[in-house]
Each structure stands twice: as C-alpha cells, then as structure tokens.
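Q: my_file36.txt is reproduced below (compact mmCIF, C-alpha atoms).
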```txt
# COMPACT_ATOMS: atom_id res chain seq x y z
CA ASP A 4 7.02 -19.99 9.96
CA LEU A 5 7.73 -17.18 7.53
CA TYR A 6 5.16 -16.59 4.80
CA VAL A 7 6.39 -15.05 1.54
CA VAL A 8 4.23 -14.12 -1.46
CA LYS A 9 5.19 -12.55 -4.78
CA THR A 10 2.55 -10.95 -6.98
CA ASP A 11 2.42 -9.10 -10.26
CA ASN A 12 1.23 -5.51 -10.41
CA ASP A 13 -2.40 -6.65 -10.72
CA PHE A 14 -1.91 -8.61 -7.47
CA ASN A 15 -2.18 -12.00 -9.11
CA CYS A 16 -0.13 -14.45 -7.08
CA LEU A 17 3.00 -15.55 -8.95
CA TRP A 18 4.18 -17.78 -6.11
CA SER A 19 3.88 -18.15 -2.37
CA LEU A 20 5.54 -20.35 0.19
CA ASN A 21 6.09 -20.97 3.86
CA VAL A 22 9.64 -21.24 5.12
CA GLY A 23 10.49 -22.77 8.46
CA ALA A 24 10.78 -25.87 10.58
CA GLU A 25 8.97 -27.21 13.64
CA GLY A 26 9.95 -24.26 15.82
CA VAL A 27 9.26 -20.55 15.46
CA GLU A 28 10.89 -18.29 12.86
CA ILE A 29 10.74 -14.50 13.33
CA GLU A 30 11.59 -12.11 10.49
CA THR A 31 13.20 -8.79 11.43
CA ASP A 32 14.29 -7.40 8.04
CA ALA A 33 14.49 -8.20 4.33
CA VAL A 34 16.33 -6.85 1.29
CA GLN A 35 16.21 -7.56 -2.43
CA ARG A 36 19.37 -8.00 -4.45
CA SER A 37 19.78 -6.61 -7.96
CA ASN A 38 19.18 -10.09 -9.45
CA GLY A 39 15.76 -10.28 -7.78
CA GLU A 40 16.88 -12.61 -4.99
CA ILE A 41 15.22 -11.95 -1.63
CA VAL A 42 17.27 -12.20 1.56
CA ILE A 43 15.40 -12.40 4.86
CA CYS A 44 17.02 -12.23 8.29
CA GLY A 45 15.76 -12.76 11.83
CA TYR A 46 15.95 -15.50 14.42
CA SER A 47 14.52 -18.92 15.12
CA VAL A 48 13.34 -20.62 18.31
CA ASP A 49 13.30 -24.40 18.03
CA ASN A 50 13.38 -24.83 21.79
CA PRO A 51 12.70 -21.75 23.99
CA SER A 52 14.82 -23.19 26.81
CA LEU A 53 17.83 -23.27 24.46
CA GLY A 54 17.49 -19.66 23.30
CA TYR A 55 17.51 -18.09 19.84
CA GLU A 56 19.57 -18.78 16.75
CA ASN A 57 20.42 -16.53 13.83
CA TYR A 58 18.11 -17.18 10.88
CA LEU A 59 18.86 -16.33 7.24
CA VAL A 60 16.81 -17.31 4.17
CA ARG A 61 17.61 -16.73 0.50
CA ILE A 62 14.81 -17.05 -2.06
CA ALA A 63 15.29 -16.82 -5.82
CA SER A 64 13.08 -14.53 -7.90
CA ASN A 65 11.11 -17.59 -9.08
CA GLY A 66 10.29 -18.65 -5.50
CA ASN A 67 12.85 -21.41 -5.09
CA VAL A 68 14.40 -21.45 -1.63
CA LEU A 69 18.15 -21.25 -2.21
CA SER A 70 19.20 -21.68 1.40
CA GLU A 71 17.80 -21.65 4.92
CA LEU A 72 20.39 -21.25 7.65
CA ARG A 73 20.40 -21.30 11.45
CA TRP A 74 23.51 -20.75 13.52
CA GLY A 75 24.83 -19.22 16.70
CA GLY A 76 27.48 -19.90 19.29
CA SER A 77 26.00 -17.97 22.20
CA ILE A 78 23.09 -18.50 24.58
CA TRP A 79 21.09 -16.60 22.03
CA ASN A 80 21.79 -14.98 18.68
CA ARG A 81 19.48 -12.73 16.67
CA LEU A 82 19.89 -10.85 13.38
CA HIS A 83 18.32 -7.44 13.05
CA HIS A 84 18.68 -4.52 10.59
CA MET A 85 20.01 -5.49 7.15
CA VAL A 86 21.18 -3.61 4.04
CA VAL A 87 22.72 -4.68 0.73
CA ASP A 88 25.30 -2.83 -1.38
CA ASP A 89 25.66 -2.48 -5.16
CA SER A 90 27.67 -5.72 -5.36
CA ASN A 91 24.86 -7.60 -3.50
CA GLN A 92 26.93 -7.98 -0.32
CA VAL A 93 24.70 -8.21 2.78
CA TYR A 94 25.39 -6.41 6.07
CA VAL A 95 23.49 -7.07 9.31
CA ILE A 96 23.38 -6.22 13.00
CA GLU A 97 23.86 -9.35 15.14
CA GLU A 98 22.75 -9.47 18.76
CA SER A 99 24.22 -12.12 21.05
CA PHE A 100 23.88 -12.95 24.74
CA GLU A 101 26.91 -14.60 26.28
CA ALA A 102 27.18 -17.06 29.18
CA ASN A 103 28.86 -14.40 31.35
CA GLY A 104 25.82 -12.13 31.00
CA ASP A 105 27.21 -9.80 28.33
CA GLN A 106 24.80 -8.66 25.63
CA LEU A 107 26.70 -7.81 22.45
CA PHE A 108 25.77 -6.01 19.24
CA GLU A 109 27.99 -6.26 16.17
CA LEU A 110 27.87 -4.93 12.62
CA LYS A 111 28.78 -7.77 10.28
CA ALA A 112 29.29 -8.53 6.62
CA ILE A 113 28.14 -12.12 6.03
CA ASP A 114 28.29 -14.45 3.06
CA ASP A 115 25.47 -16.63 1.75
CA PHE A 116 26.40 -19.39 4.21
CA GLY A 117 26.24 -17.21 7.33
CA ASN A 118 30.01 -16.90 7.62
CA SER A 119 31.25 -13.59 8.98
CA LEU A 120 33.53 -11.77 6.53
CA TRP A 121 34.28 -9.10 9.10
CA SER A 122 32.75 -7.95 12.36
CA MET A 123 32.79 -4.66 14.23
CA PRO A 124 31.51 -4.50 17.83
CA LEU A 125 29.19 -1.64 18.73
CA SER A 126 29.65 -0.15 22.19
CA THR A 127 26.01 -0.35 23.20
CA SER A 128 23.77 -2.43 25.43
CA THR A 129 20.58 -1.63 23.50
CA LEU A 130 19.43 -2.56 20.00
CA PRO A 131 20.69 0.02 17.46
CA ALA A 132 17.94 2.23 16.05
CA GLU A 133 18.76 1.84 12.35
CA LEU A 134 21.31 0.69 9.79
CA LYS A 135 21.62 2.62 6.51
CA ILE A 136 23.83 2.53 3.44
CA TYR A 137 24.60 5.66 1.42
CA GLN A 138 27.24 6.19 -1.28
CA ASN A 139 29.08 2.97 -0.37
CA LYS A 140 29.29 3.74 3.32
CA LEU A 141 27.44 2.12 6.22
CA TYR A 142 25.82 4.14 9.00
CA VAL A 143 24.61 2.76 12.34
CA ALA A 144 22.65 4.88 14.82
CA PHE A 145 22.67 3.68 18.43
CA GLN A 146 22.98 4.65 22.08
CA GLU A 147 26.69 4.46 22.92
CA ASP A 148 27.54 3.34 26.43
CA GLY A 149 29.83 5.65 28.40
CA ALA A 150 30.97 6.46 31.90
CA ASN A 151 28.02 8.82 32.40
CA GLY A 152 25.35 6.67 30.76
CA ASN A 153 24.55 6.27 27.07
CA HIS A 154 24.17 8.93 24.43
CA PRO A 155 23.20 8.91 20.72
CA VAL A 156 25.89 8.45 18.10
CA VAL A 157 26.16 7.44 14.45
CA HIS A 158 29.16 5.38 13.37
CA GLN A 159 30.21 5.47 9.73
CA PHE A 160 31.97 2.40 8.30
CA GLU A 161 33.64 1.64 5.01
CA LEU A 162 32.40 -1.49 3.25
CA ASP A 163 35.43 -3.40 4.56
CA GLY A 164 34.42 -2.65 8.16
CA THR A 165 36.85 0.19 8.78
CA LEU A 166 35.42 2.82 11.11
CA SER A 167 35.72 6.10 9.18
CA GLY A 168 33.58 8.58 11.09
CA ILE A 169 31.79 9.17 14.39
CA PHE A 170 28.89 11.58 14.67
CA ILE A 171 28.26 12.47 18.32
CA SER A 172 25.07 14.20 19.43
CA PRO A 173 25.80 17.03 21.87
CA GLU A 174 22.64 16.27 23.86
CA THR A 175 23.91 13.34 25.92
CA THR A 176 20.49 12.40 27.32
CA ALA A 177 18.76 12.11 23.92
CA ILE A 178 17.40 8.79 22.61
CA VAL A 179 17.63 8.14 18.87
CA HIS A 180 14.67 6.42 17.16
CA GLY A 181 15.38 7.15 13.50
CA LEU A 182 18.21 7.81 11.04
CA VAL A 183 18.23 9.39 7.58
CA VAL A 184 21.36 9.69 5.41
CA ASN A 185 21.00 11.63 2.18
CA VAL A 186 22.24 14.70 0.35
CA PHE A 187 21.25 16.88 3.33
CA GLY A 188 23.69 15.04 5.61
CA VAL A 189 23.32 12.58 8.49
CA THR A 190 20.17 13.20 10.53
CA VAL A 191 19.00 11.53 13.73
CA ILE A 192 15.56 12.02 15.25
CA GLY A 193 14.08 10.88 18.52
CA GLU A 194 13.44 12.29 21.96
CA HIS A 195 15.11 13.71 25.02
CA PRO A 196 13.93 13.85 28.64
CA ASN A 197 12.73 17.23 29.86
CA GLY A 198 11.98 16.65 33.51
CA VAL A 199 9.00 14.28 33.53
CA PHE A 200 8.25 14.91 29.85
CA ARG A 201 9.41 13.24 26.62
CA ASN A 202 10.22 15.96 24.07
CA PRO A 203 11.29 15.98 20.38
CA TYR A 204 14.94 15.83 19.45
CA THR A 205 16.71 16.27 16.10
CA CYS A 206 20.35 16.62 15.11
CA VAL A 207 21.61 17.22 11.58
CA PHE A 208 25.30 16.48 10.94
CA ASN A 209 27.50 17.47 8.05
CA PHE A 210 29.39 14.61 6.42
CA ASP A 211 32.62 15.79 8.10
CA THR A 212 30.89 14.79 11.43
CA SER A 213 30.38 18.40 12.55
CA VAL A 214 26.96 19.43 13.83
CA SER A 215 24.92 21.52 11.42
CA LEU A 216 21.96 22.08 13.77
CA GLU A 217 20.81 20.36 16.96
CA GLN A 218 17.37 20.95 18.42
CA ALA A 219 16.27 19.68 21.83
CA PHE A 220 12.79 21.10 22.35
CA ASN A 221 11.54 21.83 25.87
CA TYR A 222 7.76 21.65 26.21
CA ASP A 223 5.52 21.09 29.21
CA TYR A 224 3.88 18.10 27.53
CA ASN A 225 4.84 14.73 26.01
CA ALA A 226 5.73 14.56 22.29
CA TRP A 227 8.50 12.76 20.43
CA TYR A 228 9.62 11.75 16.92
CA THR A 229 9.85 8.15 15.68
CA ARG A 230 9.99 8.28 11.83
CA ALA A 231 11.27 10.62 9.12
CA GLY A 232 10.44 10.94 5.42
CA VAL A 233 12.48 12.97 2.93
CA THR A 234 10.65 15.63 0.90
CA LEU A 235 11.92 18.11 -1.69
CA GLU A 236 12.40 20.85 0.88
CA GLY A 237 13.51 18.73 3.83
CA TYR A 238 11.65 16.24 5.99
CA THR A 239 8.28 15.20 7.27
CA LEU A 240 8.76 14.04 10.87
CA VAL A 241 6.23 11.71 12.43
CA GLY A 242 5.85 10.83 16.08
CA GLU A 243 3.44 10.51 18.94
CA THR A 244 2.08 12.54 21.82
CA THR A 245 0.20 11.62 24.98
CA SER A 246 -0.57 15.22 25.92
CA LEU A 247 -1.95 16.95 22.82
CA GLY A 248 -4.92 16.17 20.63
CA LEU A 249 -8.11 14.33 21.44
CA GLY A 250 -7.03 10.96 22.75
CA MET A 251 -4.61 9.02 24.91
CA VAL A 252 -2.03 8.84 22.11
CA ASP A 253 -2.13 10.89 18.90
CA TRP A 254 0.11 11.32 15.89
CA ILE A 255 2.25 14.39 15.43
CA VAL A 256 3.20 15.17 11.83
CA HIS A 257 5.59 18.08 11.26
CA ARG A 258 6.86 19.48 7.99
CA THR A 259 10.43 20.82 8.29
CA ASN A 260 13.26 22.19 6.19
CA ALA A 261 16.53 20.32 5.59
CA SER A 262 17.74 21.34 9.07
CA CYS A 263 14.61 19.88 10.71
CA GLN A 264 13.32 23.38 11.51
CA PHE A 265 9.54 23.42 11.87
CA ILE A 266 7.46 24.85 8.99
CA ASN A 267 3.96 23.60 9.77
CA GLY A 268 1.99 20.58 10.86
CA GLY A 269 0.23 19.49 13.98
CA THR A 270 -1.56 16.75 15.86
CA VAL A 271 -3.83 14.26 14.13
CA GLY A 272 -5.87 11.52 15.71
CA SER A 273 -9.04 10.22 17.28
CA ALA A 274 -10.42 10.26 20.79
CA LYS A 275 -8.46 7.12 21.72
CA SER A 276 -4.98 5.84 20.76
CA ASP A 277 -3.37 6.45 17.35
CA LEU A 278 0.06 4.91 16.77
CA ALA A 279 2.44 5.71 13.92
CA GLY A 280 3.88 2.73 12.00
CA ASP A 281 5.80 3.94 8.96
CA ILE A 282 6.15 6.82 6.50
CA LEU A 283 6.59 6.95 2.73
CA VAL A 284 7.07 9.97 0.46
CA VAL A 285 5.70 9.59 -3.09
CA ASN A 286 6.25 12.44 -5.57
CA ASP A 287 6.56 14.79 -2.58
CA SER A 288 3.25 13.68 -1.14
CA VAL A 289 3.39 11.96 2.23
CA VAL A 290 1.75 8.70 3.31
CA VAL A 291 1.78 7.83 7.01
CA VAL A 292 0.41 4.48 8.16
CA GLY A 293 -0.32 3.07 11.57
CA SER A 294 -3.21 1.98 13.72
CA SER A 295 -6.02 3.47 15.76
CA ASN A 296 -8.72 2.18 18.10
CA GLY A 297 -10.71 5.39 17.92
CA PHE A 298 -12.95 4.54 14.97
CA ALA A 299 -14.78 1.43 16.16
CA LEU A 300 -15.65 0.07 19.57
CA ASN A 301 -12.98 -2.29 20.97
CA GLN A 302 -11.25 -2.65 17.60
CA GLN A 303 -7.80 -1.60 16.46
CA ASN A 304 -8.20 -0.35 12.89
CA GLN A 305 -5.93 0.61 10.06
CA ALA A 306 -5.24 4.31 9.91
CA VAL A 307 -3.76 6.09 6.91
CA LEU A 308 -2.74 9.71 6.36
CA TYR A 309 -2.25 10.94 2.80
CA PHE A 310 -1.41 14.59 2.21
CA ASN A 311 0.86 17.11 0.56
CA PRO A 312 3.67 18.25 2.89
CA SER A 313 2.55 21.88 2.59
CA SER A 314 -1.01 21.17 3.71
CA ASN A 315 -2.33 22.12 7.12
CA LEU A 316 -3.28 18.89 8.85
CA ASN A 317 -6.47 18.26 10.71
CA ASN A 318 -8.47 15.23 11.77
CA GLN A 319 -10.23 15.09 8.41
CA ASP A 320 -6.94 13.99 6.85
CA ILE A 321 -7.00 10.66 8.63
CA THR A 322 -8.57 7.70 6.87
CA ALA A 323 -9.67 4.78 9.03
CA VAL A 324 -10.41 1.42 7.44
CA ALA A 325 -12.85 -0.53 9.62
CA THR A 326 -12.47 -4.28 9.86
CA ASN A 327 -13.91 -7.24 11.75
CA CYS A 328 -10.55 -7.83 13.37
CA PHE A 329 -9.81 -7.47 17.03
CA TYR A 330 -6.45 -5.99 16.06
CA VAL A 331 -5.09 -4.71 12.80
CA GLY A 332 -2.26 -2.28 12.32
CA ILE A 333 -0.18 -1.30 9.32
CA ASP A 334 3.47 -1.88 10.15
CA SER A 335 5.39 -0.91 7.05
CA ILE A 336 4.88 0.53 3.60
CA ASN A 337 6.99 0.51 0.44
CA LEU A 338 6.62 1.59 -3.17
CA ASP A 339 7.02 -0.87 -6.02
CA SER A 340 8.40 -0.09 -9.49
CA GLU A 341 4.94 0.78 -10.80
CA GLY A 342 4.28 3.39 -8.13
CA GLN A 343 1.85 1.28 -6.12
CA TRP A 344 1.86 0.82 -2.35
CA LEU A 345 2.79 -2.52 -0.84
CA ILE A 346 1.61 -2.63 2.76
CA GLN A 347 2.53 -5.28 5.33
CA GLU A 348 0.15 -5.71 8.25
CA GLU A 349 -0.17 -7.63 11.48
CA ILE A 350 -3.59 -9.06 12.20
CA ALA A 351 -5.19 -10.98 15.04
CA ASN A 352 -8.72 -12.13 14.34
CA TRP A 353 -11.72 -11.09 16.35
CA THR A 354 -11.91 -14.44 18.15
CA LYS A 355 -8.73 -13.43 20.00
CA SER A 356 -7.23 -16.81 19.23
CA GLY A 357 -3.75 -15.35 19.14
CA ASP A 358 -3.35 -16.32 15.48
CA TYR A 359 -1.40 -13.81 13.35
CA PRO A 360 -1.97 -14.47 9.62
CA SER A 361 0.01 -12.55 7.05
CA HIS A 362 -1.96 -9.82 5.30
CA ILE A 363 -0.64 -7.76 2.40
CA GLY A 364 -2.53 -5.00 0.59
CA LEU A 365 -1.78 -3.26 -2.71
CA TYR A 366 -3.03 0.30 -3.23
CA ASP A 367 -2.58 2.86 -5.99
CA LEU A 368 -1.60 6.46 -5.25
CA SER A 369 -5.21 7.55 -4.86
CA GLY A 370 -5.63 5.11 -2.00
CA ARG A 371 -7.78 2.70 -4.05
CA CYS A 372 -7.30 -0.89 -2.93
CA LEU A 373 -6.25 -3.11 -5.85
CA GLY A 374 -6.22 -6.36 -3.89
CA ASN A 375 -5.57 -8.07 -0.59
CA TRP A 376 -3.88 -11.33 0.28
CA GLN A 377 -4.29 -13.23 3.54
CA ASN A 378 -3.04 -16.75 4.31
CA GLN A 379 -2.08 -17.25 0.63
CA LYS A 380 -5.63 -16.45 -0.55
CA GLN A 381 -6.86 -13.34 -2.26
CA ILE A 382 -9.66 -11.64 -0.27
```
Please render this file's structure as structure tokens.
A:
Amino acid sequence: DLYVVKTDNDFNCLWSLNVGAEGVEIETDAVQRSNGEIVICGYSVDNPSLGYENYLVRIASNGNVLSELRWGGSIWNRLHHMVVDDSNQVYVIEESFEANGDQLFELKAIDDFGNSLWSMPLSTSTLPAELKIYQNKLYVAFQEDGANGNHPVVHQFELDGTLSGIFISPETTAIVHGLVVNVFGVTVIGEHPNGVFRNPYTCVFNFDTSVSLEQAFNYDYNAWYTRAGVTLEGYTLVGETTSLGLGMVDWIVHRTNASCQFINGGTVGSAKSDLAGDILVVNDSVVVVGSSNGFALNQQNQAVLYFNPSSNLNNQDITAVATNCFYVGIDSINLDSEGQWLIQEEIANWTKSGDYPSHIGLYDLSGRCLGNWQNQKQI
C-alpha cells in the first residue's frame, strides 16, 4: 500500500492514511496542485502473473481520498515522471509492454479519471531520465533510438502535445541521467563511455535548440554525474566514482558555472560505498543526501552533505547519522514553505525481515531534527 502523512510545521500529524487494495501499489512520483490536492502516480500489482496496471490517486488537502484508479490495456502499464501546470493539468510518462513484445513510452496529458487527453510516443526503449515543465512548455530527456544505437535528446512539447523543439546531444554515445531547465537554458548531465571507463558528460543548450557548450570528459578512471542543483552562479553537479576517494564508491560534488564548467569541488566519502540520492539548493547553500555503509559495521546509514557552493569539500563535510537499521538511505529531499527540509527515506529493519516502513524526517536549515515519523507514529 501507499502511506501518506501530512503534518504541520511542528511535525504534528494532521492526517495520515494508507491507500491501496489487496495487491501491491508502487509510487513513482507525486505532485501538489495549487488547491492543495495531492496527485500520486505509479503502478499496481494485484496479480504478478497478470502484469502491472497504471495507478493514480488523488487526495484532498484534508486527507479525503478523492479517487483511486487502476487501468491499462497492455500486458503491463506503469506511470512514471509527473508534472503539473499552472491550470492544475497533470502530465505523465506512461510505460506499456505490448503482446508483440514492444515496450512503449508515451508522454500523456490525463484527466482525473485516467483518460488520455493527448498522447505523444517517445522513440526510446528505455525509461526517460526526467520530465520537466518550464514557462508552459514540457521537456523530456531520454535516449532516442536510432539506426546506430541510442543517443541523448530532449524533446520540447507545447501543453497541447505539439512537438516544438528537439535538442540533440552531439555526443551520440552519452547517457543522460538528469535534466535541468531554467533561465540558463536546457541542460543535460550524465555520462559517456571512454573505453572501459564511465566519464562525466554535460551539454548546455540554448532555447533555440543550438548547443551552447558540450563537455565529454576523458579520464582514466570512473566518474559520472547523476544529479544537478541550481545555484546563483550555475550548478552543483553530484555523481559517483568507483576510482577516486577512499572507498568502493564515493560521491563527487562539483561546483560549476552556468555552462557546467568546473570551478571547484572534489570527492567526498568513506572507506566503503557512498551513494548519492538527491540534491537541494537552499539560499545558495547545497544539501546532498544519500547513503553510506562506511560509518558503522554492516549498516547502511544516512549520509548528508551541507555546504556553501564555494567551499572546498573534504571528508569532514559529510555527516553520517547512525541507526539500528540494516539499511537506511535518504532518497529524496524537498523544501516546504517554511524553509524546512522534508526528507523521504527507505528503511529495512535490522532483522532483515524485508519490511519497508515509511520514514519521514523534518529538519531545519541548521540540520537540527525537528521530528520523525515512522509507520504513522512519531519517533
């Protein structure tokens, strides 16, 4: 089932509820409309032998479930990335697997009953990296299939589904992991193969689809970008490396200008594996969250970086929060209207039972924990 909790800014529970049926419901994305309504998308599995169905839930600001929908006409259907425009219209990426073996991805506008208002197929056989909305235009970053393999592109759509721009990365072997659309332009980040190595890749486009600056770095070690945060002077790019630093996997955090040109930064991590989860920029200070198993024996702990983009990073900048859990990792982070962090985590308890309770933490900008919720109880 899905577990949803709403709190006030002091983390007192206003309401909480489980949504779901006898099967399994998986959430992949959520948005909030201007009237406070929460829309959650994903997929459901009532019978694994029958495949997946699209899953869409609407919850009013007072916690009342307005609708819970499942549908799909293929062997399986799944909803992924979702955005909402100023008129509260929802747009999603739908994945479907047909009886003839075709795997399809489509950008869709859907109404509150799951009906498709329009649909645009995406020429890709892999899940698109991201869906963004900026100045009443939709942007989808994905690997476009072609005669010579797939290569990264960004398609720009009007809100009626009309394709209005195609941004093509010159580096045809690159793999896009992240997309940012803002006043600087359209920026994709990711990796490209350099022999046996995975190396960082960035490409900044102008809004007329021309390339402002592409960078495909060639190093004799593994390092790649997965997330990007926007700062006053440009970006903070976050990724991972298996060749630098102290451990098997470490974080790389690079401060760049608006063209993704390196200013400073480096490798941060422990003697084991440190994985990046998400990035948030607050008043031009950067918060990176993820997980690490380098701070306690046989445990996967929360790991948080909090720094000014101009600072020189070192291992003292990483904050590990020890727990009794066998696994805990911070997946995503957002900022509420009061400037406090809302962190969503995945947890499996130390008994290794395979149980994954929902755990949400609220922190102020100094990193002080204001409260935690797990399984509908404050802890």
Q: Between atom CA of A:Val183 and atom CA of A:Asn91, what is the distance in Å, rounded to a tenth?
A: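 Atom CA of A:Asn91 lies 21.3 Å from atom CA of A:Val183.
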Q: Quick one: everything within 8 Å of A:Leu162, counting all atoms listed in the file, minus sequence neighbours fewer than 2 positions away in the same chain. Send it as a PDB file with C-alpha atoms, in the frame of the given file.
A:
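Okay, part15.pdb is ready:
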```
ATOM      1  CA  ASN A 139      29.080   2.970  -0.370  1.00  0.00           C
ATOM      2  CA  LYS A 140      29.290   3.740   3.320  1.00  0.00           C
ATOM      3  CA  LEU A 141      27.440   2.120   6.220  1.00  0.00           C
ATOM      4  CA  PHE A 160      31.970   2.400   8.300  1.00  0.00           C
ATOM      5  CA  GLY A 164      34.420  -2.650   8.160  1.00  0.00           C
ATOM      6  CA  THR A 165      36.850   0.190   8.780  1.00  0.00           C
TER       7      THR A 165
END
```
Q: Compile the contact shell of A:Glu194 as number ranges by chain: residues with an atom at most 7 Å away, counting only C-alpha atoms, same-chain residues fewer than 5 positions apart removed.
A: A: 177-179, 201-204, 227-228
Q: Selected residues, C-alpha atoms, written as a JSON list (two decimals), keeping the file's coordinate frame, please.
A:
```json
[["chain", "number", "residue", "atom", "x", "y", "z"],
["A", 177, "ALA", "CA", 18.76, 12.11, 23.92],
["A", 178, "ILE", "CA", 17.40, 8.79, 22.61],
["A", 179, "VAL", "CA", 17.63, 8.14, 18.87],
["A", 201, "ARG", "CA", 9.41, 13.24, 26.62],
["A", 202, "ASN", "CA", 10.22, 15.96, 24.07],
["A", 203, "PRO", "CA", 11.29, 15.98, 20.38],
["A", 204, "TYR", "CA", 14.94, 15.83, 19.45],
["A", 227, "TRP", "CA", 8.50, 12.76, 20.43],
["A", 228, "TYR", "CA", 9.62, 11.75, 16.92]]
```
Q: Could you check the closest approach to A:Gln138 for each of A:Phe210, A:Ile282, A:Asp223, A:Glu30 and tell me which residue wins, using all atoms listed in the file?
A: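 Among A:Phe210, A:Ile282, A:Asp223, A:Glu30, it is A:Phe210 that comes nearest to A:Gln138.
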Q: What residues have an atom no more than 12 Å from (20.4, -24.0, 21.2) in the file's own frame, counting all atoms listed in the file, and can you write them as JSON, numbers by chain?
A: {"A": [26, 46, 47, 48, 49, 50, 51, 52, 53, 54, 55, 56, 57, 73, 74, 75, 76, 77, 78, 79, 80]}
Q: Excluding same-chain residues fewer than 3 positions from A:Gly193, what lies within 12 Å of it counting all atoms listed in the file, as an NGL selection string?
A: :A and (132-133 or 144-146 or 154-155 or 172 or 174 or 176-183 or 190 or 196 or 201-206 or 217-220 or 226-231 or 240-243 or 263)
Q: Restricting the calculation to only C-alpha atoms: of A:Ala102, A:Val252, A:Val207, A:Val184, which residue gets closest to A:Gly232?
A: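 For A:Gly232, the nearest of the candidates is A:Val184.
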Q: With all atoms listed in the file as the counted atoms, please give the residues lying no more than 9 Å from A:Gln106, apart from itself and same-chain residues fewer than 3 positions off, as a ChimeraX atom specification.
A: /A:98-101,127-129
Q: Convert the current residue selection to file output with C-alpha atoms, as a CSV table (one decimal), keeping the file's coordinate frame.
A:
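Generated output (selection.csv):
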```csv
chain,number,residue,atom,x,y,z
A,98,GLU,CA,22.8,-9.5,18.8
A,99,SER,CA,24.2,-12.1,21.0
A,100,PHE,CA,23.9,-13.0,24.7
A,101,GLU,CA,26.9,-14.6,26.3
A,127,THR,CA,26.0,-0.4,23.2
A,128,SER,CA,23.8,-2.4,25.4
A,129,THR,CA,20.6,-1.6,23.5
```
Q: Within 7 Å of (30.4, -5.5, 4.4) (file coordinates; all atoms listed in the file), which protein or nucleic acid residues are there? I'd like them as a list of chain:residue names.
A: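 Protein, DNA and RNA residues close to (30.4, -5.5, 4.4): A:Gln92, A:Val93, A:Tyr94, A:Lys111, A:Ala112, A:Leu162, A:Asp163, A:Gly164.
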Q: Of the candidates A:Asn197, A:Asp114, A:Val7, A:Ile96, which shows the shortest atom-to-atom distance to A:Ala63, using all atoms listed in the file?
A: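 Going through A:Asn197, A:Asp114, A:Val7, A:Ile96 one by one, the smallest distance to A:Ala63 is for A:Val7.
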Q: So which one's closest to A:Asn65, A:Thr270, A:Thr10, A:Ser90, A:Asn225? Using only C-alpha atoms, please.
A: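 Looking at the shortest contact to A:Asn65, the residue is A:Thr10.
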Q: Work out where the centre of an axis-aligned box around every listed atom of stretch 94-101 of chain A lies and how long its edges are once 6 Å is added on each side; give both in Å to one decimal as AutoDock Vina command-line options.
A:
```
--center_x 24.8 --center_y -10.4 --center_z 16.2 --size_x 16.2 --size_y 20.4 --size_z 32.2
```
Q: From the options A:Glu236, A:Glu147, A:Asp11, A:Glu71, which residue's atoms come nearest to A:Pro124, counting all atoms listed in the file?
A: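 Result for the nearest residue to A:Pro124: A:Glu147.
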Q: Have a look at A:Gly39, A:Gly237, A:Gly23, A:Gly293 and name the one nearest to A:Leu59; count all atoms listed in the file.
A: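 Of all the options, A:Gly23 lies closest to A:Leu59.
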